[in-house]
$ cat protein.csv   # CSV, C-alpha atoms
chain,number,residue,atom,x,y,z
A,27,ALA,CA,81.2,203.0,33.3
A,28,LEU,CA,81.5,199.4,32.1
A,29,PRO,CA,79.8,197.9,35.2
A,30,LEU,CA,76.9,200.4,34.6
A,31,ALA,CA,76.8,199.4,30.9
A,32,ALA,CA,76.7,195.7,32.0
A,33,LEU,CA,73.8,196.4,34.3
A,34,VAL,CA,71.8,198.0,31.4
A,35,LYS,CA,72.9,195.7,28.6
A,36,GLY,CA,73.1,192.4,30.5
A,37,LEU,CA,75.9,189.8,30.3
A,38,GLU,CA,74.5,187.5,27.7
A,39,ILE,CA,76.1,189.0,24.6
A,40,GLU,CA,79.1,190.8,26.1
A,41,ASN,CA,80.6,190.1,29.5
A,42,LEU,CA,81.8,193.6,30.3
A,43,PRO,CA,82.9,192.8,33.9
A,44,ALA,CA,85.3,190.2,32.3
A,45,LEU,CA,86.6,193.0,30.0
A,46,VAL,CA,87.3,195.2,33.0
A,47,ARG,CA,89.2,192.3,34.7
A,48,TYR,CA,91.2,191.8,31.5
A,49,PHE,CA,92.1,195.4,31.4
A,50,VAL,CA,93.1,195.4,35.1
A,51,ILE,CA,95.4,192.4,34.5
A,52,GLN,CA,97.0,193.9,31.3
A,53,LEU,CA,97.6,197.3,33.0
A,54,LYS,CA,99.3,195.6,35.9
A,55,LYS,CA,101.5,193.5,33.5
A,56,LEU,CA,102.5,196.7,31.7
A,57,GLY,CA,103.4,198.4,35.0
A,58,VAL,CA,100.7,201.1,34.6
A,59,THR,CA,99.8,202.9,37.8
A,60,VAL,CA,96.0,203.3,38.2
A,61,LYS,CA,94.7,205.6,40.9
A,62,LEU,CA,91.0,205.7,41.5
A,63,HIS,CA,88.8,208.0,43.6
A,64,GLU,CA,91.5,210.7,43.6
A,65,GLU,CA,90.9,214.3,42.4
A,66,VAL,CA,93.4,215.5,39.9
A,67,THR,CA,94.8,218.9,40.9
A,68,PRO,CA,97.7,221.0,39.8
A,69,GLY,CA,99.5,219.9,42.9
A,70,LEU,CA,99.1,216.2,42.1
A,71,ILE,CA,100.4,216.8,38.6
A,72,GLU,CA,103.4,218.7,40.0
A,73,LYS,CA,104.1,215.8,42.4
A,74,ILE,CA,103.9,213.1,39.8
A,75,LYS,CA,105.8,215.1,37.1
A,76,PRO,CA,104.5,213.3,34.1
A,77,ASP,CA,105.9,213.8,30.6
A,78,ALA,CA,102.3,214.3,29.4
A,79,VAL,CA,98.8,214.7,30.8
A,80,ILE,CA,95.9,213.2,28.8
A,81,VAL,CA,92.4,213.8,29.9
A,82,ALA,CA,90.3,210.8,29.1
A,83,ALA,CA,87.4,211.4,31.4
A,84,GLY,CA,84.6,210.6,29.0
A,85,GLY,CA,82.1,212.9,27.4
A,86,ILE,CA,80.0,215.5,29.1
A,87,PRO,CA,76.3,214.7,28.3
A,88,LYS,CA,74.5,217.5,26.6
A,89,VAL,CA,71.7,218.7,28.8
A,90,PRO,CA,68.9,220.3,26.8
A,91,SER,CA,67.7,223.8,28.0
A,92,ILE,CA,64.1,222.8,28.6
A,93,SER,CA,61.9,224.6,31.0
A,94,GLY,CA,61.3,222.4,34.1
A,95,PHE,CA,64.4,220.2,33.5
A,96,ASP,CA,65.4,220.8,37.1
A,97,LYS,CA,62.3,219.1,38.6
A,98,ALA,CA,62.5,216.1,40.8
A,99,ASP,CA,61.0,213.7,38.3
A,100,ILE,CA,63.7,214.4,35.7
A,101,ILE,CA,66.5,211.9,35.9
A,102,LYS,CA,69.7,212.5,34.0
A,103,GLY,CA,72.2,209.8,33.0
A,104,SER,CA,74.6,211.1,35.7
A,105,ASP,CA,71.8,210.7,38.3
A,106,LEU,CA,71.3,207.1,37.2
A,107,HIS,CA,75.0,206.5,37.4
A,108,ARG,CA,75.1,208.0,41.0
A,109,MET,CA,72.1,205.8,42.0
A,110,VAL,CA,73.9,202.6,41.1
A,111,LYS,CA,77.5,203.5,41.8
A,112,ILE,CA,77.5,202.3,45.5
A,113,PRO,CA,75.4,199.1,44.9
A,114,LEU,CA,77.8,198.2,42.0
A,115,ARG,CA,80.7,198.3,44.4
A,116,PHE,CA,79.1,195.4,46.4
A,117,LEU,CA,76.9,193.7,43.9
A,118,SER,CA,77.7,192.3,40.5
A,119,PRO,CA,76.0,194.0,37.5
A,120,GLY,CA,74.1,190.7,36.8
A,121,PHE,CA,72.7,190.5,40.3
A,122,LEU,CA,71.8,194.2,40.4
A,123,ARG,CA,70.1,193.8,37.0
A,124,TRP,CA,68.1,190.9,38.4
A,125,LEU,CA,67.1,193.0,41.4
A,126,THR,CA,65.8,195.8,39.1
A,127,GLY,CA,63.2,193.3,37.9
A,128,PHE,CA,61.5,193.7,41.3
A,129,TRP,CA,62.0,197.4,42.1
A,130,MET,CA,63.3,200.6,40.4
A,131,PRO,CA,62.8,204.2,41.5
A,132,ILE,CA,61.5,205.1,38.0
A,133,GLY,CA,57.8,205.6,37.1
A,134,LYS,CA,55.8,203.5,34.7
A,135,LYS,CA,55.7,206.0,31.9
A,136,VAL,CA,59.1,207.2,30.8
A,137,VAL,CA,60.3,209.7,28.2
A,138,ILE,CA,63.9,209.2,27.2
A,139,ILE,CA,65.5,212.3,25.6
A,140,GLY,CA,68.1,211.0,23.2
A,141,GLY,CA,67.7,208.0,20.9
A,142,LEU,CA,71.2,207.1,20.1
A,143,ILE,CA,72.8,203.9,21.4
A,144,GLN,CA,72.5,204.8,25.1
A,145,GLY,CA,68.9,205.9,24.8
A,146,CYS,CA,67.8,202.8,22.9
A,147,GLN,CA,69.6,200.4,25.2
A,148,LEU,CA,68.1,202.2,28.2
A,149,ALA,CA,64.7,201.9,26.6
A,150,GLU,CA,65.2,198.1,26.1
A,151,PHE,CA,66.3,197.8,29.8
A,152,LEU,CA,63.2,199.7,31.0
A,153,VAL,CA,60.7,197.9,28.7
A,154,GLU,CA,62.0,194.6,30.1
A,155,ARG,CA,61.0,196.0,33.5
A,156,GLY,CA,57.4,196.9,32.4
A,157,ARG,CA,57.9,200.6,31.6
A,158,GLU,CA,56.1,202.4,28.8
A,159,ILE,CA,58.7,204.3,26.8
A,160,THR,CA,58.7,207.2,24.4
A,161,ILE,CA,62.1,208.1,22.9
A,162,LEU,CA,62.7,211.6,21.6
A,163,GLU,CA,65.6,212.0,19.2
A,164,THR,CA,66.5,215.2,17.3
A,165,SER,CA,68.3,213.5,14.4
A,166,ASN,CA,66.6,211.6,11.6
A,167,GLU,CA,67.5,208.2,12.8
A,168,ALA,CA,67.3,206.4,16.2
A,169,GLY,CA,69.9,203.9,17.3
A,170,THR,CA,73.0,205.6,16.0
A,171,GLY,CA,76.0,203.8,17.6
A,172,VAL,CA,74.3,200.4,17.8
A,173,PRO,CA,76.3,197.9,15.7
A,174,GLN,CA,74.5,197.6,12.4
A,175,ARG,CA,74.0,193.8,12.9
A,176,ASN,CA,72.0,194.6,16.0
A,177,LYS,CA,70.4,197.9,15.2
A,178,VAL,CA,67.5,196.7,13.0
A,179,LYS,CA,66.8,193.9,15.4
A,180,LEU,CA,66.7,196.3,18.4
A,181,LEU,CA,64.6,198.9,16.7
A,182,ASN,CA,62.1,196.3,15.5
A,183,TRP,CA,62.0,194.8,19.1
A,184,LEU,CA,61.3,198.2,20.6
A,185,SER,CA,58.6,198.8,18.0
A,186,ARG,CA,56.9,195.4,18.8
A,187,LYS,CA,57.0,196.3,22.5
A,188,GLY,CA,55.2,199.6,21.9
A,189,VAL,CA,58.1,202.0,22.3
A,190,ILE,CA,57.2,205.3,20.5
A,191,ILE,CA,60.2,206.9,18.8
A,192,LEU,CA,59.8,210.5,17.8
$ encode --input "protein.csv" --output "structure tokens"
Amino acid sequence: ALPLAALVKGLEIENLPALVRYFVIQLKKLGVTVKLHEEVTPGLIEKIKPDAVIVAAGGIPKVPSISGFDKADIIKGSDLHRMVKIPLRFLSPGFLRWLTGFWMPIGKKVVIIGGLIQGCQLAEFLVERGREITILETSNEAGTGVPQRNKVKLLNWLSRKGVIIL
């Protein structure tokens, strides 16, 4: 998920690919076995015989029950992740971010459902690519999760760029 976050956030403030490289090095130094692209099954657990199993697979995004949510022009976060997963294997997040300045498979007017950190950062990314954005957030405050030192700056920037937050 960090390369995807780097694609959206950019590399100027936080170099997330460098953080991934750091973790890879540290895990190797500690002798931690990391297996990628392998489905966890009861048989695999039985074969490995661990002392404990910890599921740290990330959160499951809440998908609102809205009529028409299954239409082709609705793109979920998981859809975006799938769209960039293969290119991120071959291209750096910075280069792919640069390419999105020329083409993206997303229309000009975009509604983002969810105005927490992910929604606001996605809005920033899309505004930088010429999209008109409306953010819909059910809580009383947008930007929850954005570090406080950046939150006011980001929300003001979004407002200056014409982003509507409801």
$ closest_residue --input "protein.csv" --among "A:Gly188, A:Pro68, A:Leu28, A:Arg108" --to "Phe49 of chain A" --atoms "all atoms listed in the file"
A:Leu28
$ residues_around --input "protein.csv" --residues "Ile100 of chain A" --least-positions-apart "2" --cutoff "10 Å" --atoms "all atoms listed in the file" --output "list in words"
Gly94, Phe95, Asp96, Lys97, Ala98, Lys102, Asp105, Ile132, Val136, Val137 and Ile138 of chain A
$ closest_residue --input "protein.csv" --among "A:Ala27, A:Ile51, A:Ser118, A:Ala149" --to "Ala83 of chain A" --atoms "all atoms listed in the file"
A:Ala27
$ atom_distance --input "protein.csv" --atom1 "atom CA of Pro119 of chain A" --atom2 "atom CA of Leu33 of chain A"
4.6 Å
$ residues_around --input "protein.csv" --residues "Ser185 of chain A" --least-positions-apart "5" --cutoff "12 Å" --atoms "all atoms listed in the file" --output "PyMOL selection string"
chain A and resi 146+149-150+153+158-161+168+178-180+190-192
$ write_last_selection --input "protein.csv" --atoms "C-alpha atoms" --output "compact mmCIF listing (two decimals), in the frame of the given file"
# COMPACT_ATOMS: atom_id res chain seq x y z
CA CYS A 146 67.80 202.80 22.90
CA ALA A 149 64.70 201.90 26.60
CA GLU A 150 65.20 198.10 26.10
CA VAL A 153 60.70 197.90 28.70
CA GLU A 158 56.10 202.40 28.80
CA ILE A 159 58.70 204.30 26.80
CA THR A 160 58.70 207.20 24.40
CA ILE A 161 62.10 208.10 22.90
CA ALA A 168 67.30 206.40 16.20
CA VAL A 178 67.50 196.70 13.00
CA LYS A 179 66.80 193.90 15.40
CA LEU A 180 66.70 196.30 18.40
CA ILE A 190 57.20 205.30 20.50
CA ILE A 191 60.20 206.90 18.80
CA LEU A 192 59.80 210.50 17.80
$ atom_distance --input "protein.csv" --atom1 "atom CA of Glu72 of chain A" --atom2 "atom CA of Val46 of chain A"
29.3 Å
$ atom_distance --input "protein.csv" --atom1 "atom CA of Pro173 of chain A" --atom2 "atom CA of Ile143 of chain A"
9.0 Å
$ decode --input "protein.csv" --residues "segment 64-85 of chain A" --atoms "N, CA, C and O atoms" --output "PDB file, in the first residue's frame"
ATOM      1  N   GLU A  64       1.086 -14.993  -1.780  1.00  0.00           N
ATOM      2  CA  GLU A  64       0.764 -16.367  -1.407  1.00  0.00           C
ATOM      3  C   GLU A  64      -0.487 -16.350  -0.542  1.00  0.00           C
ATOM      4  O   GLU A  64      -0.553 -15.618   0.454  1.00  0.00           O
ATOM      5  N   GLU A  65      -1.473 -17.120  -0.936  1.00  0.00           N
ATOM      6  CA  GLU A  65      -2.716 -17.176  -0.178  1.00  0.00           C
ATOM      7  C   GLU A  65      -2.496 -17.955   1.113  1.00  0.00           C
ATOM      8  O   GLU A  65      -1.887 -19.028   1.112  1.00  0.00           O
ATOM      9  N   VAL A  66      -2.999 -17.401   2.200  1.00  0.00           N
ATOM     10  CA  VAL A  66      -2.903 -18.086   3.482  1.00  0.00           C
ATOM     11  C   VAL A  66      -4.083 -19.049   3.595  1.00  0.00           C
ATOM     12  O   VAL A  66      -5.236 -18.649   3.467  1.00  0.00           O
ATOM     13  N   THR A  67      -3.756 -20.301   3.803  1.00  0.00           N
ATOM     14  CA  THR A  67      -4.771 -21.346   3.940  1.00  0.00           C
ATOM     15  C   THR A  67      -4.495 -22.118   5.233  1.00  0.00           C
ATOM     16  O   THR A  67      -3.378 -22.054   5.770  1.00  0.00           O
ATOM     17  N   PRO A  68      -5.492 -22.867   5.709  1.00  0.00           N
ATOM     18  CA  PRO A  68      -5.222 -23.720   6.885  1.00  0.00           C
ATOM     19  C   PRO A  68      -4.052 -24.681   6.640  1.00  0.00           C
ATOM     20  O   PRO A  68      -3.257 -24.935   7.544  1.00  0.00           O
ATOM     21  N   GLY A  69      -3.941 -25.171   5.408  1.00  0.00           N
ATOM     22  CA  GLY A  69      -2.837 -26.080   5.089  1.00  0.00           C
ATOM     23  C   GLY A  69      -1.481 -25.396   5.218  1.00  0.00           C
ATOM     24  O   GLY A  69      -0.516 -25.999   5.717  1.00  0.00           O
ATOM     25  N   LEU A  70      -1.385 -24.162   4.784  1.00  0.00           N
ATOM     26  CA  LEU A  70      -0.132 -23.413   4.905  1.00  0.00           C
ATOM     27  C   LEU A  70       0.210 -23.174   6.377  1.00  0.00           C
ATOM     28  O   LEU A  70       1.357 -23.349   6.787  1.00  0.00           O
ATOM     29  N   ILE A  71      -0.788 -22.822   7.158  1.00  0.00           N
ATOM     30  CA  ILE A  71      -0.566 -22.600   8.595  1.00  0.00           C
ATOM     31  C   ILE A  71      -0.101 -23.893   9.250  1.00  0.00           C
ATOM     32  O   ILE A  71       0.827 -23.901  10.064  1.00  0.00           O
ATOM     33  N   GLU A  72      -0.713 -25.009   8.878  1.00  0.00           N
ATOM     34  CA  GLU A  72      -0.321 -26.311   9.437  1.00  0.00           C
ATOM     35  C   GLU A  72       1.118 -26.652   9.042  1.00  0.00           C
ATOM     36  O   GLU A  72       1.879 -27.194   9.845  1.00  0.00           O
ATOM     37  N   LYS A  73       1.497 -26.333   7.828  1.00  0.00           N
ATOM     38  CA  LYS A  73       2.852 -26.616   7.338  1.00  0.00           C
ATOM     39  C   LYS A  73       3.901 -25.774   8.084  1.00  0.00           C
ATOM     40  O   LYS A  73       4.952 -26.279   8.477  1.00  0.00           O
ATOM     41  N   ILE A  74       3.608 -24.499   8.302  1.00  0.00           N
ATOM     42  CA  ILE A  74       4.564 -23.601   8.952  1.00  0.00           C
ATOM     43  C   ILE A  74       4.624 -23.848  10.460  1.00  0.00           C
ATOM     44  O   ILE A  74       5.664 -23.692  11.080  1.00  0.00           O
ATOM     45  N   LYS A  75       3.486 -24.223  11.054  1.00  0.00           N
ATOM     46  CA  LYS A  75       3.367 -24.470  12.491  1.00  0.00           C
ATOM     47  C   LYS A  75       3.855 -23.285  13.335  1.00  0.00           C
ATOM     48  O   LYS A  75       4.763 -23.426  14.154  1.00  0.00           O
ATOM     49  N   PRO A  76       3.241 -22.125  13.151  1.00  0.00           N
ATOM     50  CA  PRO A  76       3.666 -20.962  13.937  1.00  0.00           C
ATOM     51  C   PRO A  76       3.179 -21.049  15.384  1.00  0.00           C
ATOM     52  O   PRO A  76       2.245 -21.788  15.689  1.00  0.00           O
ATOM     53  N   ASP A  77       3.829 -20.311  16.270  1.00  0.00           N
ATOM     54  CA  ASP A  77       3.356 -20.203  17.650  1.00  0.00           C
ATOM     55  C   ASP A  77       2.111 -19.329  17.723  1.00  0.00           C
ATOM     56  O   ASP A  77       1.292 -19.486  18.624  1.00  0.00           O
ATOM     57  N   ALA A  78       1.997 -18.391  16.793  1.00  0.00           N
ATOM     58  CA  ALA A  78       0.842 -17.486  16.767  1.00  0.00           C
ATOM     59  C   ALA A  78       0.586 -17.058  15.328  1.00  0.00           C
ATOM     60  O   ALA A  78       1.506 -17.042  14.507  1.00  0.00           O
ATOM     61  N   VAL A  79      -0.646 -16.728  15.045  1.00  0.00           N
ATOM     62  CA  VAL A  79      -1.029 -16.174  13.746  1.00  0.00           C
ATOM     63  C   VAL A  79      -1.650 -14.808  14.013  1.00  0.00           C
ATOM     64  O   VAL A  79      -2.585 -14.694  14.796  1.00  0.00           O
ATOM     65  N   ILE A  80      -1.096 -13.784  13.398  1.00  0.00           N
ATOM     66  CA  ILE A  80      -1.616 -12.429  13.538  1.00  0.00           C
ATOM     67  C   ILE A  80      -2.051 -11.969  12.153  1.00  0.00           C
ATOM     68  O   ILE A  80      -1.261 -11.971  11.219  1.00  0.00           O
ATOM     69  N   VAL A  81      -3.302 -11.611  12.029  1.00  0.00           N
ATOM     70  CA  VAL A  81      -3.813 -11.123  10.750  1.00  0.00           C
ATOM     71  C   VAL A  81      -3.687  -9.600  10.757  1.00  0.00           C
ATOM     72  O   VAL A  81      -4.356  -8.925  11.530  1.00  0.00           O
ATOM     73  N   ALA A  82      -2.801  -9.100   9.907  1.00  0.00           N
ATOM     74  CA  ALA A  82      -2.576  -7.654   9.793  1.00  0.00           C
ATOM     75  C   ALA A  82      -2.720  -7.275   8.325  1.00  0.00           C
ATOM     76  O   ALA A  82      -1.795  -6.770   7.692  1.00  0.00           O
ATOM     77  N   ALA A  83      -3.903  -7.549   7.789  1.00  0.00           N
ATOM     78  CA  ALA A  83      -4.133  -7.371   6.357  1.00  0.00           C
ATOM     79  C   ALA A  83      -4.687  -6.000   6.004  1.00  0.00           C
ATOM     80  O   ALA A  83      -5.024  -5.751   4.864  1.00  0.00           O
ATOM     81  N   GLY A  84      -4.792  -5.113   6.973  1.00  0.00           N
ATOM     82  CA  GLY A  84      -5.356  -3.799   6.696  1.00  0.00           C
ATOM     83  C   GLY A  84      -6.859  -3.816   6.892  1.00  0.00           C
ATOM     84  O   GLY A  84      -7.469  -4.858   7.136  1.00  0.00           O
ATOM     85  N   GLY A  85      -7.414  -2.646   6.810  1.00  0.00           N
ATOM     86  CA  GLY A  85      -8.847  -2.513   7.016  1.00  0.00           C
ATOM     87  C   GLY A  85      -9.638  -2.877   5.786  1.00  0.00           C
ATOM     88  O   GLY A  85      -9.120  -2.916   4.674  1.00  0.00           O
TER      89      GLY A  85
END
